[in-house]
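Trainee: What follows is protein01.cif; its format and atoms are mmCIF, C-alpha atoms.
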```cif
data_work
#
loop_
_atom_site.group_PDB
_atom_site.id
_atom_site.type_symbol
_atom_site.label_atom_id
_atom_site.label_comp_id
_atom_site.auth_asym_id
_atom_site.auth_seq_id
_atom_site.Cartn_x
_atom_site.Cartn_y
_atom_site.Cartn_z
ATOM 1 C CA MET A 8 -39.401 -5.696 8.673
ATOM 2 C CA SER A 9 -41.726 -2.766 8.081
ATOM 3 C CA GLU A 10 -42.208 -1.657 4.503
ATOM 4 C CA ILE A 11 -41.549 1.896 3.374
ATOM 5 C CA LYS A 12 -44.893 3.594 2.766
ATOM 6 C CA HIS A 13 -43.745 7.153 2.005
ATOM 7 C CA ARG A 14 -41.806 8.517 -0.935
ATOM 8 C CA HIS A 15 -38.745 10.552 0.004
ATOM 9 C CA ASP A 16 -36.759 13.106 -1.967
ATOM 10 C CA PHE A 17 -33.713 14.733 -0.431
ATOM 11 C CA ALA A 18 -31.032 17.334 -1.023
ATOM 12 C CA ILE A 19 -27.495 17.125 0.354
ATOM 13 C CA LEU A 20 -25.133 20.075 0.772
ATOM 14 C CA PHE A 21 -21.479 19.301 1.468
ATOM 15 C CA ASP A 22 -18.276 21.231 1.056
ATOM 16 C CA VAL A 23 -14.570 20.676 0.476
ATOM 17 C CA LYS A 24 -11.713 22.861 1.601
ATOM 18 C CA ASP A 25 -8.184 22.492 0.175
ATOM 19 C CA GLY A 26 -8.835 19.038 -1.223
ATOM 20 C CA ASN A 27 -9.854 17.031 -4.259
ATOM 21 C CA PRO A 28 -13.395 15.703 -3.702
ATOM 22 C CA ASN A 29 -13.441 13.443 -6.775
ATOM 23 C CA GLY A 30 -10.517 13.184 -9.174
ATOM 24 C CA ASP A 31 -11.013 12.564 -12.882
ATOM 25 C CA PRO A 32 -8.662 9.784 -14.104
ATOM 26 C CA ASP A 33 -9.102 11.034 -17.680
ATOM 27 C CA ALA A 34 -7.701 14.431 -16.672
ATOM 28 C CA GLY A 35 -4.667 13.490 -14.591
ATOM 29 C CA ASN A 36 -6.876 13.105 -11.480
ATOM 30 C CA LEU A 37 -7.771 16.797 -11.470
ATOM 31 C CA PRO A 38 -11.048 17.656 -9.675
ATOM 32 C CA ARG A 39 -13.992 16.963 -11.974
ATOM 33 C CA ILE A 40 -15.640 19.980 -13.601
ATOM 34 C CA ASP A 41 -18.324 20.888 -16.096
ATOM 35 C CA PRO A 42 -16.067 22.258 -18.882
ATOM 36 C CA GLU A 43 -18.713 24.715 -20.099
ATOM 37 C CA THR A 44 -19.466 26.376 -16.750
ATOM 38 C CA GLY A 45 -16.510 25.525 -14.523
ATOM 39 C CA HIS A 46 -18.773 24.086 -11.821
ATOM 40 C CA GLY A 47 -17.300 21.204 -9.859
ATOM 41 C CA LEU A 48 -18.758 17.703 -10.095
ATOM 42 C CA VAL A 49 -18.755 14.665 -7.813
ATOM 43 C CA THR A 50 -20.175 11.465 -9.304
ATOM 44 C CA ASP A 51 -23.001 9.470 -7.781
ATOM 45 C CA VAL A 52 -20.630 6.481 -7.750
ATOM 46 C CA CYS A 53 -18.231 8.394 -5.499
ATOM 47 C CA LEU A 54 -21.017 9.290 -3.058
ATOM 48 C CA LYS A 55 -22.380 5.739 -2.966
ATOM 49 C CA ARG A 56 -18.889 4.421 -2.251
ATOM 50 C CA LYS A 57 -18.760 6.545 0.907
ATOM 51 C CA LEU A 58 -22.211 5.353 1.953
ATOM 52 C CA ARG A 59 -21.231 1.730 1.382
ATOM 53 C CA ASN A 60 -18.037 2.175 3.396
ATOM 54 C CA PHE A 61 -19.921 3.524 6.415
ATOM 55 C CA VAL A 62 -22.507 0.738 6.310
ATOM 56 C CA TRP A 63 -19.713 -1.840 6.079
ATOM 57 C CA LEU A 64 -17.857 -0.185 8.981
ATOM 58 C CA THR A 65 -20.866 -0.116 11.295
ATOM 59 C CA ARG A 66 -23.091 -3.023 10.206
ATOM 60 C CA GLY A 67 -20.947 -5.230 7.982
ATOM 61 C CA ALA A 68 -20.792 -8.090 10.488
ATOM 62 C CA GLU A 69 -24.602 -8.316 10.733
ATOM 63 C CA PRO A 70 -26.659 -10.613 8.495
ATOM 64 C CA GLY A 71 -28.112 -8.727 5.556
ATOM 65 C CA TYR A 72 -25.563 -5.904 5.633
ATOM 66 C CA ASP A 73 -22.740 -7.379 3.610
ATOM 67 C CA LEU A 74 -21.726 -5.448 0.477
ATOM 68 C CA PHE A 75 -21.837 -6.745 -3.075
ATOM 69 C CA VAL A 76 -19.604 -3.989 -4.490
ATOM 70 C CA LYS A 77 -16.561 -3.691 -2.260
ATOM 71 C CA ASP A 78 -12.791 -3.541 -2.544
ATOM 72 C CA ARG A 79 -11.341 -6.552 -4.415
ATOM 73 C CA ALA A 80 -14.664 -8.371 -4.585
ATOM 74 C CA VAL A 81 -15.100 -10.852 -7.449
ATOM 75 C CA LEU A 82 -18.767 -10.307 -8.239
ATOM 76 C CA ASP A 83 -19.398 -13.536 -10.137
ATOM 77 C CA ASN A 84 -18.040 -15.509 -7.176
ATOM 78 C CA LEU A 85 -20.543 -13.791 -4.864
ATOM 79 C CA ILE A 86 -23.382 -14.728 -7.222
ATOM 80 C CA ASP A 87 -22.073 -18.322 -7.244
ATOM 81 C CA ARG A 88 -22.286 -18.361 -3.446
ATOM 82 C CA ALA A 89 -25.904 -17.219 -3.561
ATOM 83 C CA TYR A 90 -26.734 -20.193 -5.786
ATOM 84 C CA SER A 91 -24.818 -22.488 -3.429
ATOM 85 C CA ARG A 92 -26.791 -21.227 -0.414
ATOM 86 C CA LEU A 93 -29.975 -22.037 -2.326
ATOM 87 C CA GLY A 94 -28.727 -25.546 -3.096
ATOM 88 C CA ILE A 95 -28.618 -24.963 -6.858
ATOM 89 C CA ASP A 96 -25.670 -26.598 -8.624
ATOM 90 C CA LEU A 97 -24.474 -24.371 -11.461
ATOM 91 C CA ALA A 98 -22.283 -27.200 -12.737
ATOM 92 C CA GLU A 99 -25.394 -29.098 -13.808
ATOM 93 C CA PRO A 100 -26.719 -28.541 -17.327
ATOM 94 C CA PRO A 101 -29.782 -26.280 -17.506
ATOM 95 C CA GLU A 102 -32.069 -29.294 -18.008
ATOM 96 C CA GLY A 103 -30.956 -30.789 -14.700
ATOM 97 C CA ARG A 104 -31.277 -27.493 -12.865
ATOM 98 C CA LYS A 105 -34.805 -27.018 -14.150
ATOM 99 C CA ARG A 106 -35.871 -30.121 -12.301
ATOM 100 C CA ARG A 107 -34.504 -28.624 -9.083
ATOM 101 C CA ALA A 108 -36.297 -25.293 -9.524
ATOM 102 C CA GLU A 109 -39.564 -24.455 -7.853
ATOM 103 C CA PRO A 110 -42.514 -26.372 -9.333
ATOM 104 C CA GLY A 111 -43.902 -24.721 -12.427
ATOM 105 C CA ARG A 112 -41.279 -21.952 -12.551
ATOM 106 C CA GLY A 113 -38.474 -23.596 -14.473
ATOM 107 C CA GLU A 114 -35.047 -22.012 -14.933
ATOM 108 C CA GLY A 115 -36.439 -18.487 -14.622
ATOM 109 C CA GLY A 116 -37.502 -19.373 -11.088
ATOM 110 C CA GLU A 117 -33.892 -20.044 -10.149
ATOM 111 C CA VAL A 118 -32.845 -16.602 -11.369
ATOM 112 C CA GLU A 119 -35.609 -14.979 -9.333
ATOM 113 C CA ARG A 120 -34.634 -16.973 -6.234
ATOM 114 C CA ALA A 121 -30.999 -15.967 -6.681
ATOM 115 C CA ARG A 122 -32.029 -12.335 -7.164
ATOM 116 C CA SER A 123 -34.021 -12.421 -3.913
ATOM 117 C CA GLU A 124 -31.114 -14.062 -2.105
ATOM 118 C CA MET A 125 -28.768 -11.304 -3.298
ATOM 119 C CA CYS A 126 -31.207 -8.662 -2.052
ATOM 120 C CA ARG A 127 -31.465 -10.366 1.351
ATOM 121 C CA THR A 128 -27.697 -10.685 1.725
ATOM 122 C CA TYR A 129 -26.329 -7.404 0.410
ATOM 123 C CA PHE A 130 -27.420 -3.970 1.628
ATOM 124 C CA ASP A 131 -26.144 -2.167 -1.454
ATOM 125 C CA VAL A 132 -28.141 -4.441 -3.779
ATOM 126 C CA ARG A 133 -31.302 -3.783 -1.742
ATOM 127 C CA ALA A 134 -30.617 -0.047 -1.749
ATOM 128 C CA PHE A 135 -28.898 0.866 -5.027
ATOM 129 C CA GLY A 136 -29.637 -2.153 -7.205
ATOM 130 C CA GLY A 137 -27.160 -3.912 -9.445
ATOM 131 C CA VAL A 138 -26.509 -5.848 -12.630
ATOM 132 C CA MET A 139 -25.962 -9.480 -11.628
ATOM 133 C CA SER A 140 -26.171 -11.193 -15.013
ATOM 134 C CA THR A 141 -22.462 -10.957 -15.860
ATOM 135 C CA GLY A 142 -21.781 -14.680 -15.426
ATOM 136 C CA PRO A 143 -24.035 -16.856 -13.275
ATOM 137 C CA ASN A 144 -27.323 -15.061 -13.816
ATOM 138 C CA ALA A 145 -29.004 -13.515 -10.771
ATOM 139 C CA GLY A 146 -30.895 -10.976 -12.842
ATOM 140 C CA GLN A 147 -30.908 -7.217 -12.463
ATOM 141 C CA VAL A 148 -32.173 -5.086 -9.608
ATOM 142 C CA ARG A 149 -33.368 -1.519 -9.909
ATOM 143 C CA GLY A 150 -32.659 0.009 -6.526
ATOM 144 C CA PRO A 151 -35.113 2.221 -4.635
ATOM 145 C CA VAL A 152 -32.346 4.656 -3.617
ATOM 146 C CA GLN A 153 -30.990 6.784 -6.444
ATOM 147 C CA LEU A 154 -28.517 9.690 -6.330
ATOM 148 C CA THR A 155 -27.551 12.378 -8.809
ATOM 149 C CA PHE A 156 -24.105 13.807 -9.466
ATOM 150 C CA ALA A 157 -23.225 16.562 -7.000
ATOM 151 C CA ARG A 158 -22.612 19.968 -8.589
ATOM 152 C CA SER A 159 -20.931 22.940 -6.947
ATOM 153 C CA ILE A 160 -23.045 26.014 -6.284
ATOM 154 C CA ASP A 161 -20.423 28.249 -7.933
ATOM 155 C CA PRO A 162 -17.594 27.591 -10.404
ATOM 156 C CA ILE A 163 -14.536 26.160 -8.675
ATOM 157 C CA ALA A 164 -10.845 26.926 -9.017
ATOM 158 C CA ARG A 165 -8.685 23.877 -9.756
ATOM 159 C CA LEU A 166 -5.224 24.386 -8.291
ATOM 160 C CA GLU A 167 -2.099 22.308 -8.857
ATOM 161 C CA HIS A 168 0.663 22.335 -6.249
ATOM 162 C CA SER A 169 4.236 21.138 -6.673
ATOM 163 C CA ILE A 170 5.371 18.922 -3.812
ATOM 164 C CA THR A 171 8.744 17.342 -3.076
ATOM 165 C CA ARG A 172 9.321 13.678 -2.317
ATOM 166 C CA VAL A 173 12.401 12.783 -0.293
ATOM 167 C CA ALA A 174 12.024 9.057 -1.056
ATOM 168 C CA VAL A 175 12.127 7.735 -4.605
ATOM 169 C CA THR A 176 10.364 4.623 -5.875
ATOM 170 C CA THR A 177 12.798 3.073 -8.361
ATOM 171 C CA ALA A 178 16.499 3.095 -9.179
ATOM 172 C CA GLU A 179 15.666 5.061 -12.339
ATOM 173 C CA GLU A 180 13.990 7.745 -10.254
ATOM 174 C CA ALA A 181 17.042 7.848 -7.994
ATOM 175 C CA GLU A 182 19.210 8.665 -11.003
ATOM 176 C CA LEU A 183 16.826 11.429 -12.028
ATOM 177 C CA ALA A 184 16.847 12.845 -8.496
ATOM 178 C CA GLY A 185 20.636 13.224 -8.566
ATOM 179 C CA ALA A 186 22.604 14.323 -5.546
ATOM 180 C CA THR A 187 19.632 15.827 -3.721
ATOM 181 C CA GLY A 188 17.760 12.536 -3.676
ATOM 182 C CA ARG A 189 14.530 14.461 -4.094
ATOM 183 C CA ILE A 190 11.923 14.375 -6.820
ATOM 184 C CA THR A 191 8.943 16.651 -7.455
ATOM 185 C CA ALA A 192 5.316 15.622 -7.861
ATOM 186 C CA ARG A 193 1.997 17.431 -8.172
ATOM 187 C CA LYS A 194 -1.127 17.602 -6.050
ATOM 188 C CA SER A 195 -4.512 18.981 -7.148
ATOM 189 C CA THR A 196 -6.978 20.766 -4.863
ATOM 190 C CA VAL A 197 -10.078 22.912 -4.798
ATOM 191 C CA PRO A 198 -9.531 25.834 -2.370
ATOM 192 C CA TYR A 199 -13.240 25.780 -1.498
ATOM 193 C CA GLY A 200 -16.402 24.396 -3.026
ATOM 194 C CA LEU A 201 -19.954 23.924 -1.770
ATOM 195 C CA TYR A 202 -21.622 21.016 -3.583
ATOM 196 C CA ARG A 203 -25.243 19.963 -3.884
ATOM 197 C CA ALA A 204 -26.612 16.499 -4.709
ATOM 198 C CA HIS A 205 -30.149 15.134 -4.873
ATOM 199 C CA GLY A 206 -31.581 11.756 -3.967
ATOM 200 C CA PHE A 207 -34.805 9.805 -4.377
ATOM 201 C CA ILE A 208 -36.354 6.858 -2.527
ATOM 202 C CA SER A 209 -39.180 4.877 -4.140
ATOM 203 C CA PRO A 210 -41.477 2.739 -1.932
ATOM 204 C CA ALA A 211 -42.555 0.689 -4.973
ATOM 205 C CA LEU A 212 -38.989 -0.341 -5.754
ATOM 206 C CA ALA A 213 -38.247 -0.807 -2.042
ATOM 207 C CA ALA A 214 -41.020 -3.395 -1.889
ATOM 208 C CA GLN A 215 -39.379 -5.305 -4.737
ATOM 209 C CA THR A 216 -35.925 -5.450 -3.100
ATOM 210 C CA GLY A 217 -36.958 -5.709 0.567
ATOM 211 C CA PHE A 218 -35.477 -2.299 1.475
ATOM 212 C CA SER A 219 -37.168 -1.593 4.818
ATOM 213 C CA GLU A 220 -37.660 1.254 7.278
ATOM 214 C CA ILE A 221 -34.714 -0.130 9.259
ATOM 215 C CA ASP A 222 -32.559 0.019 6.117
ATOM 216 C CA LEU A 223 -33.755 3.587 5.588
ATOM 217 C CA GLU A 224 -32.534 4.609 9.040
ATOM 218 C CA VAL A 225 -29.188 2.961 8.282
ATOM 219 C CA LEU A 226 -29.041 4.980 5.053
ATOM 220 C CA TRP A 227 -29.739 8.307 6.812
ATOM 221 C CA LEU A 228 -27.050 7.526 9.379
ATOM 222 C CA ALA A 229 -24.629 6.750 6.538
ATOM 223 C CA VAL A 230 -25.465 10.031 4.791
ATOM 224 C CA GLU A 231 -24.835 11.976 7.984
ATOM 225 C CA ASN A 232 -21.466 10.293 8.593
ATOM 226 C CA MET A 233 -20.166 9.445 5.115
ATOM 227 C CA PHE A 234 -17.354 12.005 5.275
ATOM 228 C CA GLU A 235 -16.444 11.467 8.933
ATOM 229 C CA HIS A 236 -14.862 8.053 8.321
ATOM 230 C CA ASP A 237 -13.531 8.683 4.835
ATOM 231 C CA ARG A 238 -10.720 11.076 5.651
ATOM 232 C CA SER A 239 -7.772 11.405 3.291
ATOM 233 C CA ALA A 240 -5.014 13.973 2.829
ATOM 234 C CA ALA A 241 -5.950 14.126 -0.853
ATOM 235 C CA ARG A 242 -9.582 15.020 -0.091
ATOM 236 C CA GLY A 243 -8.780 17.833 2.320
ATOM 237 C CA LEU A 244 -11.586 18.803 4.681
ATOM 238 C CA MET A 245 -14.943 17.492 3.458
ATOM 239 C CA SER A 246 -18.042 18.078 5.584
ATOM 240 C CA LEU A 247 -21.767 17.465 5.350
ATOM 241 C CA ARG A 248 -23.499 20.817 5.889
ATOM 242 C CA ARG A 249 -27.197 20.206 5.287
ATOM 243 C CA LEU A 250 -29.580 17.326 4.706
ATOM 244 C CA VAL A 251 -33.059 18.397 3.633
ATOM 245 C CA LEU A 252 -35.616 15.553 3.516
ATOM 246 C CA PHE A 253 -38.974 15.840 1.789
ATOM 247 C CA ARG A 254 -41.262 13.122 3.162
ATOM 248 C CA HIS A 255 -44.443 12.623 1.159
ATOM 249 C CA ASP A 256 -47.703 11.542 2.758
ATOM 250 C CA SER A 257 -48.175 8.877 0.100
ATOM 251 C CA ALA A 258 -46.141 6.203 -1.679
ATOM 252 C CA LEU A 259 -46.568 7.840 -5.085
ATOM 253 C CA GLY A 260 -45.722 11.312 -3.824
ATOM 254 C CA ASN A 261 -47.569 14.602 -3.434
ATOM 255 C CA ALA A 262 -45.370 16.923 -5.488
ATOM 256 C CA PRO A 263 -42.761 16.665 -8.266
ATOM 257 C CA ALA A 264 -39.231 16.254 -6.945
ATOM 258 C CA HIS A 265 -37.804 19.157 -8.960
ATOM 259 C CA ARG A 266 -40.386 21.547 -7.459
ATOM 260 C CA LEU A 267 -39.385 20.466 -3.978
ATOM 261 C CA PHE A 268 -35.694 20.936 -4.694
ATOM 262 C CA GLU A 269 -36.427 24.481 -5.879
ATOM 263 C CA LEU A 270 -37.532 25.232 -2.318
ATOM 264 C CA VAL A 271 -33.935 24.814 -1.128
ATOM 265 C CA ARG A 272 -32.299 28.173 -1.866
ATOM 266 C CA VAL A 273 -28.526 28.583 -1.599
ATOM 267 C CA GLU A 274 -27.047 32.057 -2.123
ATOM 268 C CA ARG A 275 -23.607 33.622 -1.815
ATOM 269 C CA SER A 276 -23.531 36.357 0.800
ATOM 270 C CA ASP A 277 -20.835 38.450 -0.908
ATOM 271 C CA ARG A 278 -20.168 38.018 -4.619
ATOM 272 C CA LEU A 279 -17.320 40.528 -4.624
ATOM 273 C CA ARG A 280 -14.897 37.987 -3.178
ATOM 274 C CA PRO A 281 -14.465 34.235 -3.687
ATOM 275 C CA ALA A 282 -16.130 31.901 -1.217
ATOM 276 C CA ARG A 283 -13.736 30.173 1.160
ATOM 277 C CA ASP A 284 -16.080 28.912 3.878
ATOM 278 C CA PHE A 285 -19.640 27.688 4.378
ATOM 279 C CA SER A 286 -20.379 30.918 6.257
ATOM 280 C CA ASP A 287 -20.024 32.711 2.894
ATOM 281 C CA TYR A 288 -23.394 31.199 1.904
ATOM 282 C CA THR A 289 -26.938 31.459 3.198
ATOM 283 C CA VAL A 290 -29.339 28.512 2.977
ATOM 284 C CA ALA A 291 -33.102 28.843 3.175
ATOM 285 C CA VAL A 292 -35.811 26.183 2.875
ATOM 286 C CA LEU A 293 -39.210 27.489 1.805
ATOM 287 C CA PRO A 294 -42.482 25.906 3.054
ATOM 288 C CA PRO A 295 -43.488 22.767 1.100
ATOM 289 C CA PRO A 296 -46.854 22.128 -0.538
ATOM 290 C CA ARG A 297 -49.628 20.238 1.228
ATOM 291 C CA GLY A 298 -48.903 16.564 1.712
ATOM 292 C CA VAL A 299 -45.130 16.966 2.047
ATOM 293 C CA GLU A 300 -43.192 17.238 5.316
ATOM 294 C CA VAL A 301 -39.760 18.885 5.457
ATOM 295 C CA ILE A 302 -37.077 17.561 7.797
ATOM 296 C CA ASP A 303 -34.148 19.992 7.722
ATOM 297 C CA ARG A 304 -30.956 18.787 9.408
ATOM 298 C CA ALA A 305 -27.995 21.144 9.737
ATOM 299 C CA PHE A 306 -24.510 19.888 10.619
#
```
Could you show the structure in this file as structure tokens?
Mentor:
Amino acid sequence: MSEIKHRHDFAILFDVKDGNPNGDPDAGNLPRIDPETGHGLVTDVCLKRKLRNFVWLTRGAEPGYDLFVKDRAVLDNLIDRAYSRLGIDLAEPPEGRKRRAEPGRGEGGEVERARSEMCRTYFDVRAFGGVMSTGPNAGQVRGPVQLTFARSIDPIARLEHSITRVAVTTAEEAELAGATGRITARKSTVPYGLYRAHGFISPALAAQTGFSEIDLEVLWLAVENMFEHDRSAARGLMSLRRLVLFRHDSALGNAPAHRLFELVRVERSDRLRPARDFSDYTVAVLPPPRGVEVIDRAF
């Protein structure tokens, strides 16, 4: 597999209409906000979950594209399996396992071999990294692909809607519902929000995990489609609107990431009325400095 030789920084613009893009369990699952400014937030964990889901949907059956963090996975069991594939018996005392390690590397060599095996097997470990020292120790991996929280361009309105359920869950609820047999519930939405997130890809860290150019293409495809196969009534209409890639000529980079992100300008067209559609915004990408190529993809 070809190694990544160019640093990448990227900006993602996506929007939500009449949905909850990322509920906060500490606030009754209301859409997440910055309490000081009212801007909406979507966590990096939420975004990576959508990327993982698309990779699993499209490449999960292929070797090297399994997922370490997935629904109902028992992580320590997956680390155990990596040791089993390497022929290392975790039931042996450490002294016995040392004799089975690579010559001259001792027990630490086993951890490094297990770490490499986890990177080879699981796409999300190669891409995002992971802590794999929770039980059987496979070390820690710092992933080459990192994402920030997404933040809305403008403050959002958090709405709560009363809805009626015609079916109750328990006999106690049936008593509360009375003769109508109906019970009320609540649903939270954002009428409209345009969100912006940033990402970074490090060739140095990619070399350590084995994240290749092929993996990078899989990642871009996942970014472009992460909302298309993650539909839910609770999330409303979520759409990717813009993906702006900054491709550096070198592995170390030719400009600071924050300066490149400042080149992506997002402005409201009419501030006298609330935004309710992507067409209420204008997006402009200014020319980059020497040594950086811009790839601007609109959706």
Trainee: For the structure shown, which residues end up in the PyMOL selection byres ((chain A and resi 255-267) around 7)? Put them as a ChimeraX atom specification, please?
Mentor: /A:12-16,210,253-254,268-270,295,298-300
Trainee: What's the 10 Å shell around Ala184 of chain A, counting all atoms listed in the file, without same-chain residues fewer than 4 positions away, as a list of chain:residue names?
Mentor: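 In the requested form, the answer reads A:Arg172, A:Val173, A:Ala174, A:Val175, A:Ala178, A:Glu179, A:Glu180, A:Gly188, A:Arg189, A:Ile190, A:Thr191.
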Trainee: Counting all atoms listed in the file, what is within 12 Å of Val292 of chain A, bar same-chain residues fewer than 4 positions away, as a list in words?
Mentor: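 Contacts, with the query itself left out: Ala18, Arg249, Leu250, Val251, Leu252, Phe253, Leu267, Phe268, Glu269, Leu270, Val271, Arg272, Val273, Glu274, Glu300, Val301, Ile302, Asp303, Arg304 and Ala305 of chain A.
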Trainee: Using all atoms listed in the file, give me every residue within 7 Å of (-11.2, 15.1, -0.6) in file coordinates, as a JSON list (two decimals) with C-alpha atoms, in the frame of the given file.
Mentor:
```json
[["chain", "number", "residue", "atom", "x", "y", "z"],
["A", 23, "VAL", "CA", -14.57, 20.68, 0.48],
["A", 26, "GLY", "CA", -8.84, 19.04, -1.22],
["A", 27, "ASN", "CA", -9.85, 17.03, -4.26],
["A", 28, "PRO", "CA", -13.40, 15.70, -3.70],
["A", 29, "ASN", "CA", -13.44, 13.44, -6.78],
["A", 239, "SER", "CA", -7.77, 11.40, 3.29],
["A", 241, "ALA", "CA", -5.95, 14.13, -0.85],
["A", 242, "ARG", "CA", -9.58, 15.02, -0.09],
["A", 243, "GLY", "CA", -8.78, 17.83, 2.32],
["A", 244, "LEU", "CA", -11.59, 18.80, 4.68],
["A", 245, "MET", "CA", -14.94, 17.49, 3.46]]
```
Trainee: To one decimal place, how far is atom CA of Ala89 of chain A from atom CA of Glu124 of chain A in Å?
Mentor: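 Atom CA of Ala89 of chain A sits 6.3 Å away from atom CA of Glu124 of chain A.
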Trainee: Would you pick out the contacts of Thr141 of chain A at 10 Å or less, using all atoms listed in the file, so that residues sharing its chain but fewer than 6 positions from it are not included, and give the list as a list in words?
Mentor: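 Counting only the stated atoms, we get Leu82, Asp83, Ile86 and Gln147 of chain A.
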Trainee: Grab the residues selected above and save them as a PDB file, keeping the file's coordinate frame with C-alpha atoms.
Mentor:
```pdb
ATOM      1  CA  LEU A  82     -18.767 -10.307  -8.239  1.00  0.00           C
ATOM      2  CA  ASP A  83     -19.398 -13.536 -10.137  1.00  0.00           C
ATOM      3  CA  ILE A  86     -23.382 -14.728  -7.222  1.00  0.00           C
ATOM      4  CA  GLN A 147     -30.908  -7.217 -12.463  1.00  0.00           C
TER       5      GLN A 147
END
```
Trainee: To one decimal place in Å, what is the distance between atom CA of Thr289 of chain A and atom CA of Thr196 of chain A?
Mentor: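 Between atom CA of Thr289 of chain A and atom CA of Thr196 of chain A the gap is 24.0 Å.
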Trainee: Which residues are near segment 285-287 of chain A? Cut-off 10 Å, all atoms listed in the file, ignore same chain within fewer than 6 positions. Put them as a list in words.
Mentor: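 These residues fall inside the cut-off: Phe21, Asp22, Val23, Lys24, Tyr199, Gly200, Leu201, Ser246, Arg248, Glu274, Arg275, Ser276, Asp277 and Arg278 of chain A.
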Trainee: Please evaluate the PyMOL selection byres ((chain A and resi 38) around 8) against the structure above and give the resulting residues as a list in words.
Mentor: Asn27, Pro28, Asn29, Gly30, Asp31, Asn36, Leu37, Arg39, Ile40, Gly47, Leu48, Arg165, Ser195, Thr196 and Val197 of chain A
Trainee: For Asp73 of chain A, list every protein, DNA or RNA residue within 7 Å, evaluated using all atoms listed in the file, and leave out those in the same chain fewer than 5 positions away; present the list as a PyMOL selection string.
Mentor: chain A and resi 63+67+128-130
Trainee: May I ask which of the residues A:Asp131, A:Asp25, A:Asp78, A:Asp284 is the closest one to Val152 of chain A, counting all atoms listed in the file?
Mentor: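 For Val152 of chain A, the nearest of the candidates is A:Asp131.
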Trainee: Evaluate the PyMOL selection byres ((chain A and resi 93) around 12) on the structure here and hand back the selected residues as a ChimeraX atom specification.
Mentor: /A:86-92,94-97,104,107-109,116-125
Trainee: Quick one: pull the distance between atom CA of Ile19 of chain A and atom CA of Val230 of chain A, Å, one decimal.
Mentor: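 Atom CA of Ile19 of chain A sits 8.6 Å away from atom CA of Val230 of chain A.
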Trainee: Enclose the full set of atoms of segment 231-241 of chain A listed in the file within a box whose edges lie along x, y and z, apply 8 Å of padding to each of the six sides, and report centre and edge lengths in Å to one decimal as AutoDock Vina command-line options.
Mentor:
```
--center_x -14.9 --center_y 11.1 --center_z 4.0 --size_x 35.8 --size_y 22.1 --size_z 25.8
```
Trainee: Taking all atoms listed in the file into account, which of A:Asp33, A:Glu167, A:Glu235, A:Glu220 comes nearest Ile208 of chain A?
Mentor: A:Glu220
Trainee: The residues within 10 Å of (-38.3, 2.4, -5.4), using all atoms listed in the file and the coordinates of the file, should be reported as a ChimeraX atom specification; which are they?
Mentor: /A:11,14-15,134-136,149-153,207-216,218,258-259
Trainee: Let me make sure I understand: among A:Ser159, A:Ser140, A:Ser9, A:Ser219, which one has the smallest atom-to-atom distance to His46 of chain A if we use only C-alpha atoms?
Mentor: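 Smallest distance to His46 of chain A is found for A:Ser159.
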Trainee: Find, counting only C-alpha atoms, the residue in A:Leu226, A:Leu85, A:Ala204, A:Ile221 that gets nearest to Glu10 of chain A.
Mentor: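 Among A:Leu226, A:Leu85, A:Ala204, A:Ile221, it is A:Ile221 that comes nearest to Glu10 of chain A.
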Trainee: With only C-alpha atoms as the atoms that count, which of A:Leu183, A:Val49, A:Leu228, A:Leu279 lies nearest to Leu20 of chain A?
Mentor: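 Smallest separation from Leu20 of chain A among the options: A:Val49.
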